[in-house]
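For reference, work_27.pdb (PDB, C-alpha atoms):
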```pdb
ATOM      1  CA  MET A  27       8.271   9.449 -26.939
ATOM      2  CA  GLN A  28       8.417   7.308 -23.782
ATOM      3  CA  PHE A  29      12.221   7.420 -23.788
ATOM      4  CA  LEU A  30      12.207  11.179 -24.367
ATOM      5  CA  VAL A  31       9.930  11.684 -21.354
ATOM      6  CA  TYR A  32      12.177   9.412 -19.302
ATOM      7  CA  ILE A  33      15.442  11.208 -20.107
ATOM      8  CA  LEU A  34      13.816  14.584 -19.453
ATOM      9  CA  VAL A  35      12.084  13.695 -16.179
ATOM     10  CA  TYR A  36      14.449  11.196 -14.571
ATOM     11  CA  PRO A  37      17.340  13.664 -13.987
ATOM     12  CA  LEU A  38      14.938  15.984 -12.169
ATOM     13  CA  LEU A  39      13.648  13.138  -9.998
ATOM     14  CA  TRP A  40      17.205  12.045  -9.249
ATOM     15  CA  LEU A  41      18.241  15.566  -8.234
ATOM     16  CA  LEU A  42      15.235  15.782  -5.941
ATOM     17  CA  SER A  43      15.991  12.375  -4.435
ATOM     18  CA  ILE A  44      19.515  13.346  -3.311
ATOM     19  CA  MET A  45      18.245  16.374  -1.395
ATOM     20  CA  PRO A  46      18.028  16.160   2.423
ATOM     21  CA  PHE A  47      14.643  15.292   3.894
ATOM     22  CA  LYS A  48      14.397  18.765   5.466
ATOM     23  CA  VAL A  49      14.540  20.369   2.036
ATOM     24  CA  LEU A  50      12.175  17.802   0.525
ATOM     25  CA  TYR A  51       9.522  18.455   3.153
ATOM     26  CA  ILE A  52       9.719  22.198   2.443
ATOM     27  CA  ILE A  53       9.026  21.284  -1.185
ATOM     28  CA  SER A  54       6.193  19.027  -0.003
ATOM     29  CA  ASP A  55       4.608  21.975   1.815
ATOM     30  CA  GLY A  56       4.742  23.965  -1.410
ATOM     31  CA  VAL A  57       3.188  21.136  -3.393
ATOM     32  CA  TYR A  58       0.416  20.934  -0.777
ATOM     33  CA  LEU A  59      -0.475  24.581  -1.332
ATOM     34  CA  ILE A  60      -0.744  23.936  -5.063
ATOM     35  CA  ILE A  61      -2.725  20.685  -5.153
ATOM     36  CA  TYR A  62      -5.046  21.493  -2.225
ATOM     37  CA  HIS A  63      -5.641  25.243  -2.419
ATOM     38  CA  ILE A  64      -5.097  25.934  -6.124
ATOM     39  CA  VAL A  65      -5.675  22.787  -8.185
ATOM     40  CA  GLY A  66      -7.976  21.017  -5.736
ATOM     41  CA  TYR A  67      -6.799  17.592  -6.930
ATOM     42  CA  ARG A  68      -9.672  15.137  -6.372
ATOM     43  CA  LYS A  69     -10.915  17.236  -3.476
ATOM     44  CA  LYS A  70     -14.556  16.398  -4.249
ATOM     45  CA  VAL A  71     -13.716  12.689  -4.145
ATOM     46  CA  VAL A  72     -11.841  13.025  -0.848
ATOM     47  CA  VAL A  73     -14.524  15.091   0.888
ATOM     48  CA  GLY A  74     -17.281  12.891  -0.551
ATOM     49  CA  ASN A  75     -15.594   9.731   0.739
ATOM     50  CA  LEU A  76     -15.066  11.230   4.187
ATOM     51  CA  ASN A  77     -18.664  12.412   4.469
ATOM     52  CA  LEU A  78     -19.884   9.001   3.322
ATOM     53  CA  VAL A  79     -17.997   6.910   5.874
ATOM     54  CA  PHE A  80     -18.049   9.454   8.721
ATOM     55  CA  PRO A  81     -21.623  10.802   8.641
ATOM     56  CA  ASP A  82     -21.434  11.810  12.307
ATOM     57  CA  LYS A  83     -18.393  14.041  11.932
ATOM     58  CA  THR A  84     -18.882  17.791  11.694
ATOM     59  CA  GLU A  85     -17.880  19.884   8.691
ATOM     60  CA  LYS A  86     -14.974  21.236  10.737
ATOM     61  CA  GLU A  87     -13.735  17.728  11.523
ATOM     62  CA  ILE A  88     -14.005  16.668   7.868
ATOM     63  CA  LYS A  89     -12.030  19.731   6.805
ATOM     64  CA  ARG A  90      -9.298  18.996   9.364
ATOM     65  CA  ILE A  91      -8.946  15.403   8.168
ATOM     66  CA  THR A  92      -8.964  16.545   4.530
ATOM     67  CA  LYS A  93      -6.142  19.020   5.061
ATOM     68  CA  ALA A  94      -4.106  16.531   7.098
ATOM     69  CA  PHE A  95      -4.595  13.916   4.383
ATOM     70  CA  TYR A  96      -3.314  16.215   1.637
ATOM     71  CA  HIS A  97      -0.248  17.093   3.719
ATOM     72  CA  HIS A  98       0.442  13.384   4.135
ATOM     73  CA  PHE A  99      -0.285  12.669   0.463
ATOM     74  CA  CYS A 100       2.316  15.240  -0.622
ATOM     75  CA  ASP A 101       4.844  13.794   1.825
ATOM     76  CA  LEU A 102       4.278  10.365   0.272
ATOM     77  CA  MET A 103       5.051  11.672  -3.198
ATOM     78  CA  ILE A 104       8.296  13.162  -1.921
ATOM     79  CA  GLU A 105       9.185  10.003  -0.005
ATOM     80  CA  SER A 106       8.599   7.922  -3.128
ATOM     81  CA  ILE A 107      11.042  10.093  -5.043
ATOM     82  CA  LYS A 108      13.552   9.876  -2.190
ATOM     83  CA  SER A 109      13.375   6.082  -2.519
ATOM     84  CA  LEU A 110      15.446   6.356  -5.713
ATOM     85  CA  THR A 111      18.643   7.097  -3.784
ATOM     86  CA  ILE A 112      17.904   6.590  -0.089
ATOM     87  CA  SER A 113      20.493   4.470   1.700
ATOM     88  CA  GLU A 114      19.666   1.204   3.396
ATOM     89  CA  ALA A 115      20.697   2.633   6.773
ATOM     90  CA  GLU A 116      18.446   5.674   6.342
ATOM     91  CA  MET A 117      15.521   3.510   5.260
ATOM     92  CA  LYS A 118      15.924   1.247   8.291
ATOM     93  CA  LYS A 119      15.989   4.274  10.581
ATOM     94  CA  ARG A 120      12.799   5.702   9.101
ATOM     95  CA  PHE A 121      10.786   2.512   8.600
ATOM     96  CA  SER A 122      11.054   0.276  11.646
ATOM     97  CA  PHE A 123       9.380  -2.979  12.701
ATOM     98  CA  THR A 124       8.005  -3.754  16.152
ATOM     99  CA  ASN A 125       7.826  -7.528  15.717
ATOM    100  CA  VAL A 126       9.757  -8.753  12.684
ATOM    101  CA  ASN A 127      10.127 -12.091  14.494
ATOM    102  CA  GLU A 128       6.499 -12.708  13.495
ATOM    103  CA  ILE A 129       7.742 -13.172   9.921
ATOM    104  CA  ARG A 130      10.879 -15.057  10.933
ATOM    105  CA  GLN A 131       8.751 -17.557  12.820
ATOM    106  CA  HIS A 132       6.846 -18.399   9.642
ATOM    107  CA  GLU A 133      10.170 -18.835   7.851
ATOM    108  CA  ASN A 134      11.373 -21.162  10.599
ATOM    109  CA  ASN A 135       8.207 -23.187  10.046
ATOM    110  CA  ASN A 136       8.983 -23.291   6.311
ATOM    111  CA  ARG A 137       5.898 -21.255   5.436
ATOM    112  CA  SER A 138       5.609 -18.640   2.742
ATOM    113  CA  VAL A 139       3.627 -15.531   3.678
ATOM    114  CA  MET A 140       0.738 -13.707   2.047
ATOM    115  CA  LEU A 141       1.400 -10.181   3.347
ATOM    116  CA  VAL A 142      -1.654  -7.922   3.101
ATOM    117  CA  CYS A 143      -2.052  -4.243   3.855
ATOM    118  CA  ALA A 144      -4.073  -1.163   2.936
ATOM    119  CA  HIS A 145      -3.292   2.074   1.131
ATOM    120  CA  TYR A 146      -2.429   3.574   4.470
ATOM    121  CA  GLY A 147       0.584   5.415   5.852
ATOM    122  CA  ASN A 148       3.692   4.681   3.813
ATOM    123  CA  PHE A 149       3.199   1.134   2.548
ATOM    124  CA  GLU A 150       5.874   1.432  -0.171
ATOM    125  CA  TRP A 151       8.838   1.383   2.185
ATOM    126  CA  ILE A 152       7.827  -2.104   3.375
ATOM    127  CA  PHE A 153      10.380  -3.451   0.888
ATOM    128  CA  ILE A 154      13.125  -2.839   3.450
ATOM    129  CA  LEU A 155      11.664  -5.841   5.311
ATOM    130  CA  GLN A 156      13.697  -8.051   2.959
ATOM    131  CA  LYS A 157      16.870  -6.940   4.754
ATOM    132  CA  TYR A 158      15.589  -8.590   7.941
ATOM    133  CA  VAL A 159      14.371 -11.916   6.551
ATOM    134  CA  LYS A 160      15.513 -14.734   4.240
ATOM    135  CA  SER A 161      12.466 -15.080   1.992
ATOM    136  CA  LYS A 162      12.329 -13.602  -1.483
ATOM    137  CA  GLY A 163       9.781 -10.817  -1.776
ATOM    138  CA  TYR A 164       7.149 -10.366  -4.470
ATOM    139  CA  GLY A 165       4.858  -7.385  -4.778
ATOM    140  CA  VAL A 166       1.797  -7.314  -7.021
ATOM    141  CA  TYR A 167       1.543  -3.974  -8.811
ATOM    142  CA  LYS A 168      -0.039  -2.156 -11.728
ATOM    143  CA  GLN A 169       2.434  -1.873 -14.575
ATOM    144  CA  LEU A 170       3.440   1.696 -15.460
ATOM    145  CA  ALA A 171       2.542   2.962 -18.930
ATOM    146  CA  ASN A 172       6.106   4.193 -19.489
ATOM    147  CA  LYS A 173       8.252   1.075 -19.864
ATOM    148  CA  TYR A 174      11.450   2.920 -18.894
ATOM    149  CA  PHE A 175      10.059   4.158 -15.582
ATOM    150  CA  ASP A 176       8.537   0.722 -15.065
ATOM    151  CA  ALA A 177      11.956  -0.891 -15.459
ATOM    152  CA  LEU A 178      13.463   1.705 -13.105
ATOM    153  CA  ILE A 179      11.003   0.923 -10.335
ATOM    154  CA  LYS A 180      11.626  -2.808 -10.752
ATOM    155  CA  ARG A 181      15.402  -2.305 -10.477
ATOM    156  CA  LYS A 182      15.055  -0.235  -7.327
ATOM    157  CA  ARG A 183      12.891  -2.880  -5.660
ATOM    158  CA  ALA A 184      15.243  -5.684  -6.689
ATOM    159  CA  LYS A 185      18.099  -4.247  -4.632
ATOM    160  CA  TYR A 186      16.123  -5.284  -1.550
ATOM    161  CA  ASN A 187      15.509  -8.800  -2.925
ATOM    162  CA  SER A 188      11.959  -7.792  -3.853
ATOM    163  CA  TYR A 189      10.407  -8.256  -7.260
ATOM    164  CA  LEU A 190       7.343  -6.628  -8.782
ATOM    165  CA  ILE A 191       4.918  -8.806 -10.722
ATOM    166  CA  THR A 192       1.717  -7.907 -12.525
ATOM    167  CA  THR A 193      -1.641  -9.465 -11.707
ATOM    168  CA  LYS A 194      -1.354 -11.758 -14.733
ATOM    169  CA  GLU A 195       2.097 -12.916 -13.640
ATOM    170  CA  THR A 196       1.137 -13.578 -10.032
ATOM    171  CA  ILE A 197      -0.348 -17.081 -10.134
ATOM    172  CA  PRO A 198       2.173 -18.699 -12.526
ATOM    173  CA  THR A 199       5.108 -17.030 -10.752
ATOM    174  CA  LEU A 200       4.092 -18.085  -7.249
ATOM    175  CA  ILE A 201       3.194 -21.623  -8.342
ATOM    176  CA  LYS A 202       6.631 -21.931  -9.921
ATOM    177  CA  VAL A 203       8.550 -20.743  -6.850
ATOM    178  CA  LYS A 204       6.498 -23.015  -4.600
ATOM    179  CA  ARG A 205       7.376 -26.000  -6.785
ATOM    180  CA  ASN A 206      11.023 -24.953  -6.499
ATOM    181  CA  GLY A 207      10.711 -25.030  -2.722
ATOM    182  CA  GLU A 208      11.441 -21.307  -2.298
ATOM    183  CA  LEU A 209      10.110 -19.329   0.647
ATOM    184  CA  THR A 210       8.435 -16.094  -0.380
ATOM    185  CA  ILE A 211       6.758 -13.034   1.104
ATOM    186  CA  ASN A 212       4.024 -11.848  -1.227
ATOM    187  CA  GLY A 213       2.693  -8.341  -0.809
ATOM    188  CA  PHE A 214      -0.863  -7.372  -1.733
ATOM    189  CA  VAL A 215      -2.554  -4.001  -1.210
ATOM    190  CA  ALA A 216      -6.108  -5.311  -1.270
ATOM    191  CA  ASP A 217      -8.400  -2.483  -0.171
ATOM    192  CA  GLN A 218      -9.266  -0.989  -3.568
ATOM    193  CA  SER A 219     -12.530  -1.690  -5.333
ATOM    194  CA  PRO A 220     -12.500  -4.593  -7.818
ATOM    195  CA  LYS A 221     -14.168  -4.118 -11.189
ATOM    196  CA  PHE A 222     -17.922  -4.465 -10.874
ATOM    197  CA  ASN A 223     -18.143  -7.315 -13.404
ATOM    198  CA  LYS A 224     -15.506  -9.253 -11.468
ATOM    199  CA  ALA A 225     -17.015  -8.792  -8.015
ATOM    200  CA  VAL A 226     -17.798 -12.163  -6.424
ATOM    201  CA  TYR A 227     -18.193 -11.077  -2.813
ATOM    202  CA  TRP A 228     -19.785  -8.047  -1.163
ATOM    203  CA  ASN A 229     -19.670  -6.910   2.446
ATOM    204  CA  THR A 230     -19.542  -3.702   4.452
ATOM    205  CA  PHE A 231     -16.368  -1.639   4.563
ATOM    206  CA  MET A 232     -16.464   1.430   6.797
ATOM    207  CA  GLY A 233     -20.210   0.904   7.042
ATOM    208  CA  ILE A 234     -20.854   0.867   3.286
ATOM    209  CA  HIS A 235     -21.791  -2.256   1.290
ATOM    210  CA  VAL A 236     -19.117  -2.708  -1.384
ATOM    211  CA  PRO A 237     -17.408  -5.444  -3.446
ATOM    212  CA  MET A 238     -14.286  -6.895  -1.835
ATOM    213  CA  HIS A 239     -10.998  -8.080  -3.283
ATOM    214  CA  VAL A 240     -10.712 -11.801  -2.516
ATOM    215  CA  GLY A 241      -7.601 -12.608  -4.568
ATOM    216  CA  PRO A 242      -5.129 -12.737  -1.650
ATOM    217  CA  GLU A 243      -7.373 -15.087   0.327
ATOM    218  CA  MET A 244      -7.969 -17.423  -2.604
ATOM    219  CA  LEU A 245      -4.269 -17.498  -3.496
ATOM    220  CA  ALA A 246      -3.232 -18.109   0.113
ATOM    221  CA  LYS A 247      -5.578 -21.088   0.228
ATOM    222  CA  LYS A 248      -4.377 -22.411  -3.112
ATOM    223  CA  LEU A 249      -0.690 -22.213  -2.123
ATOM    224  CA  ASP A 250      -1.175 -22.843   1.625
ATOM    225  CA  MET A 251       0.453 -19.610   2.823
ATOM    226  CA  ALA A 252       0.311 -17.963   6.200
ATOM    227  CA  VAL A 253      -1.746 -14.763   5.950
ATOM    228  CA  VAL A 254      -0.227 -11.771   7.726
ATOM    229  CA  PHE A 255      -1.546  -8.226   7.953
ATOM    230  CA  PHE A 256       0.815  -5.324   8.505
ATOM    231  CA  ALA A 257      -0.301  -2.052  10.017
ATOM    232  CA  VAL A 258       1.718   1.108   9.458
ATOM    233  CA  LYS A 259       1.776   3.854  12.083
ATOM    234  CA  LYS A 260       3.108   7.307  11.242
ATOM    235  CA  VAL A 261       5.244   8.165  14.263
ATOM    236  CA  LYS A 262       6.199  11.602  12.976
ATOM    237  CA  ARG A 263       6.951  13.213   9.643
ATOM    238  CA  GLY A 264       9.128  10.827   7.630
ATOM    239  CA  TYR A 265       9.137   8.074  10.271
ATOM    240  CA  TYR A 266       6.933   4.979  10.314
ATOM    241  CA  GLU A 267       6.490   1.968  12.551
ATOM    242  CA  THR A 268       5.118  -1.311  11.265
ATOM    243  CA  THR A 269       3.495  -4.130  13.219
ATOM    244  CA  PHE A 270       2.654  -7.582  11.855
ATOM    245  CA  LYS A 271      -0.428  -9.553  12.830
ATOM    246  CA  THR A 272      -0.853 -13.135  11.691
ATOM    247  CA  ILE A 273      -4.436 -13.724  10.605
ATOM    248  CA  THR A 274      -3.956 -17.459  10.098
ATOM    249  CA  THR A 275      -1.358 -20.113   9.350
ATOM    250  CA  THR A 276      -4.037 -22.525   8.128
ATOM    251  CA  PRO A 277      -6.077 -20.607   5.522
ATOM    252  CA  LYS A 278      -7.801 -23.727   4.211
ATOM    253  CA  ASP A 279      -9.550 -24.125   7.572
ATOM    254  CA  TYR A 280     -11.529 -20.913   6.994
ATOM    255  CA  LYS A 281     -14.757 -20.591   5.081
ATOM    256  CA  ASN A 282     -14.593 -18.623   1.858
ATOM    257  CA  TYR A 283     -14.267 -14.867   2.417
ATOM    258  CA  GLN A 284     -13.841 -15.191   6.179
ATOM    259  CA  ILE A 285     -10.164 -14.200   5.929
ATOM    260  CA  THR A 286     -11.129 -11.282   3.703
ATOM    261  CA  ASP A 287     -13.583 -10.091   6.367
ATOM    262  CA  ILE A 288     -10.901 -10.267   9.085
ATOM    263  CA  TYR A 289      -8.503  -8.288   6.900
ATOM    264  CA  SER A 290     -11.191  -5.697   6.168
ATOM    265  CA  LYS A 291     -11.876  -5.196   9.883
ATOM    266  CA  LEU A 292      -8.165  -4.655  10.574
ATOM    267  CA  VAL A 293      -8.061  -1.990   7.872
ATOM    268  CA  GLU A 294     -11.128  -0.297   9.352
ATOM    269  CA  ASP A 295      -9.495  -0.210  12.798
ATOM    270  CA  GLN A 296      -6.445   1.460  11.290
ATOM    271  CA  ILE A 297      -8.514   4.071   9.472
ATOM    272  CA  ASN A 298     -10.648   4.890  12.501
ATOM    273  CA  GLU A 299      -7.557   5.414  14.638
ATOM    274  CA  ALA A 300      -6.040   8.036  12.310
ATOM    275  CA  PRO A 301      -8.141   8.605   9.160
ATOM    276  CA  GLU A 302      -5.835  11.254   7.687
ATOM    277  CA  TYR A 303      -3.313   8.610   6.599
ATOM    278  CA  TYR A 304      -5.683   6.641   4.365
ATOM    279  CA  PHE A 305      -5.805   7.159   0.583
ATOM    280  CA  TRP A 306      -9.101   9.027   0.305
ATOM    281  CA  THR A 307      -8.397   9.925  -3.333
ATOM    282  CA  HIS A 308      -9.342   6.369  -4.327
ATOM    283  CA  LYS A 309     -12.918   5.781  -5.410
ATOM    284  CA  ARG A 310     -13.269   2.841  -3.041
ATOM    285  CA  TRP A 311     -17.027   3.212  -2.660
ATOM    286  CA  LYS A 312     -17.909   3.873  -6.311
ATOM    287  CA  HIS A 313     -20.006   0.690  -6.616
ATOM    288  CA  ALA A 314     -21.942   1.187  -3.368
ATOM    289  CA  GLU A 315     -25.179   2.091  -5.160
ATOM    290  CA  LYS A 316     -24.965  -1.124  -7.206
ATOM    291  CA  ALA A 317     -24.815  -3.348  -4.140
ATOM    292  CA  PRO A 318     -26.997  -6.458  -4.363
ATOM    293  CA  ASN A 319     -29.916  -6.748  -1.977
ATOM    294  CA  ILE A 320     -28.974  -8.321   1.351
TER
END
```
With the file now loaded, output its structure as structure tokens.
Amino acid sequence: MQFLVYILVYPLLWLLSIMPFKVLYIISDGVYLIIYHIVGYRKKVVVGNLNLVFPDKTEKEIKRITKAFYHHFCDLMIESIKSLTISEAEMKKRFSFTNVNEIRQHENNNRSVMLVCAHYGNFEWIFILQKYVKSKGYGVYKQLANKYFDALIKRKRAKYNSYLITTKETIPTLIKVKRNGELTINGFVADQSPKFNKAVYWNTFMGIHVPMHVGPEMLAKKLDMAVVFFAVKKVKRGYYETTFKTITTTPKDYKNYQITDIYSKLVEDQINEAPEYYFWTHKRWKHAEKAPNI
């Protein structure tokens, strides 16, 4: 059944991916009308999240952000499909870096990098970074249920010298490459809510007390990696600009969870600047009512 789904769906995705961006964004506008106005995909979650973290915003402001988010969300789906066939030159033109030397400096110092970001803007196109640096790239991801599509996504990432690894594979893989003396850039999207029974640290995020993902910080300390945050700015439709900010090159000097708090504040700053580009469909604050007394 998985293979049947793959051979039926993949040709359609491929045909979409070879279309010009102008055509794809017309399709994106049509998809927006369907999922926002007709289906209402997770609209209650989106509006609930926005009202929770922005209690001072008016109903009109919340509605504006909601609509802008869904437009962006549909663009992201189209851009993900375009990734199947987009050329390296086109990707470089549309996803630029303001200070890639920040990463090169860590390489020159023989340091691997723990690269952290949020579900904000277009974080998937970050893989083009590998064309500017020497380090091998690893991205931690959730394995797709369909093994054929999963293999497809892995192949597409590998062409940029980036490799997807599951959570279970992360520690043994990165320990192995460190022992081999390889420099790596290791991407983590760490702003989602951890499972309640695995929450070891709670703090405020966008003003709400929630459990925090601490895996990137703990792994950076274990493997002595520089911790770098990257912020994505949407310049205009289909064009993004990324800026790197080194949080620390000496993670072991920080108290537990201090790096996580710094990362969280950087994400908050990004959201407050342009909230419509954050993934409000995620149930990030679902454990807020279970917060321990502080």
Using only C-alpha atoms, which protein or nucleic acid residues come within 9 Å of range 188-199 of chain A? Drop anything in the same chain fewer than 6 positions from it, and give the result as a PyMOL selection string. chain A and resi 153-154+156+162-169+179-182+211+245
Closest-contact table, range 54-146 of chain A side, partner range 39-48 of chain A, 10 Å, counting only C-alpha atoms, as CSV:
```
residue,atom,partner,partner_atom,distance
A:Ser54,CA,A:Lys48,CA,9.9
A:Ile104,CA,A:Ser43,CA,8.1
A:Glu105,CA,A:Ser43,CA,8.5
A:Ser106,CA,A:Ser43,CA,8.7
A:Ile107,CA,A:Ser43,CA,5.5
A:Lys108,CA,A:Ser43,CA,4.2
A:Ser109,CA,A:Ser43,CA,7.1
A:Leu110,CA,A:Ser43,CA,6.2
A:Thr111,CA,A:Ser43,CA,5.9
A:Ile112,CA,A:Ser43,CA,7.5
```
At most 12 Å is the cut-off: for each residue in range 48-101 of chain A with any atom that close to an atom of range 221-231 of chain A, write down the nearest atom pair and the distance in Å rounded to one decimal, counting all atoms listed in the file, chain first then increasing number, as a Markdown table.
```
| residue | atom | partner | partner_atom | distance |
| --- | --- | --- | --- | --- |
| A:Leu78 | CA | A:Phe231 | CA | 11.3 |
| A:Val79 | CA | A:Phe231 | CA | 8.8 |
| A:Phe80 | CA | A:Phe231 | CA | 12.0 |
```
Selected by the PyMOL selection byres ((chain A and resi 305) around 8) in the shown coordinates: which residues, as a PDB file with C-alpha atoms, in the coordinates of the input?
```
ATOM      1  CA  PHE A  95      -4.595  13.916   4.383  1.00  0.00           C
ATOM      2  CA  PHE A  99      -0.285  12.669   0.463  1.00  0.00           C
ATOM      3  CA  HIS A 145      -3.292   2.074   1.131  1.00  0.00           C
ATOM      4  CA  TYR A 146      -2.429   3.574   4.470  1.00  0.00           C
ATOM      5  CA  TYR A 303      -3.313   8.610   6.599  1.00  0.00           C
ATOM      6  CA  TYR A 304      -5.683   6.641   4.365  1.00  0.00           C
ATOM      7  CA  TRP A 306      -9.101   9.027   0.305  1.00  0.00           C
ATOM      8  CA  THR A 307      -8.397   9.925  -3.333  1.00  0.00           C
ATOM      9  CA  HIS A 308      -9.342   6.369  -4.327  1.00  0.00           C
TER      10      HIS A 308
END
```
Mind working out the centre and edge lengths of an axis-aligned box for range 154-170 of chain A, all listed atoms inside, 5 Å added to each side, rounded to one decimal in Å and written as AutoDock Vina command-line options?
```
--center_x 8.4 --center_y -6.7 --center_z -3.8 --size_x 26.9 --size_y 26.8 --size_z 33.4
```
12 Å contact set for Phe29 in chain A, all atoms listed in the file, chain neighbours under 5 positions out, as a PyMOL selection string: chain A and resi 34-36+171-177
Hey, which bits of range 78-141 of chain A sit within 12 Å of range 61-67 of chain A, and for each residue what's the closest pair of atoms and how far apart in Å (one decimal), counting only C-alpha atoms, rows by chain and increasing number, as a tab-separated table?
```
residue	atom	partner	partner_atom	distance
A:Lys89	CA	A:Tyr62	CA	11.6
A:Thr92	CA	A:Tyr62	CA	9.2
A:Lys93	CA	A:Tyr62	CA	7.8
A:Ala94	CA	A:Tyr62	CA	10.6
A:Phe95	CA	A:Tyr62	CA	10.1
A:Tyr96	CA	A:Tyr62	CA	6.8
A:His97	CA	A:Tyr62	CA	8.8
A:His98	CA	A:Tyr62	CA	11.7
A:Phe99	CA	A:Ile61	CA	10.1
A:Cys100	CA	A:Ile61	CA	8.7
```
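Nearest to Met238 in chain A of all the residues A:Tyr158, A:Phe123, A:Tyr289, A:Tyr266 is A:Tyr289, based on all atoms listed in the file.
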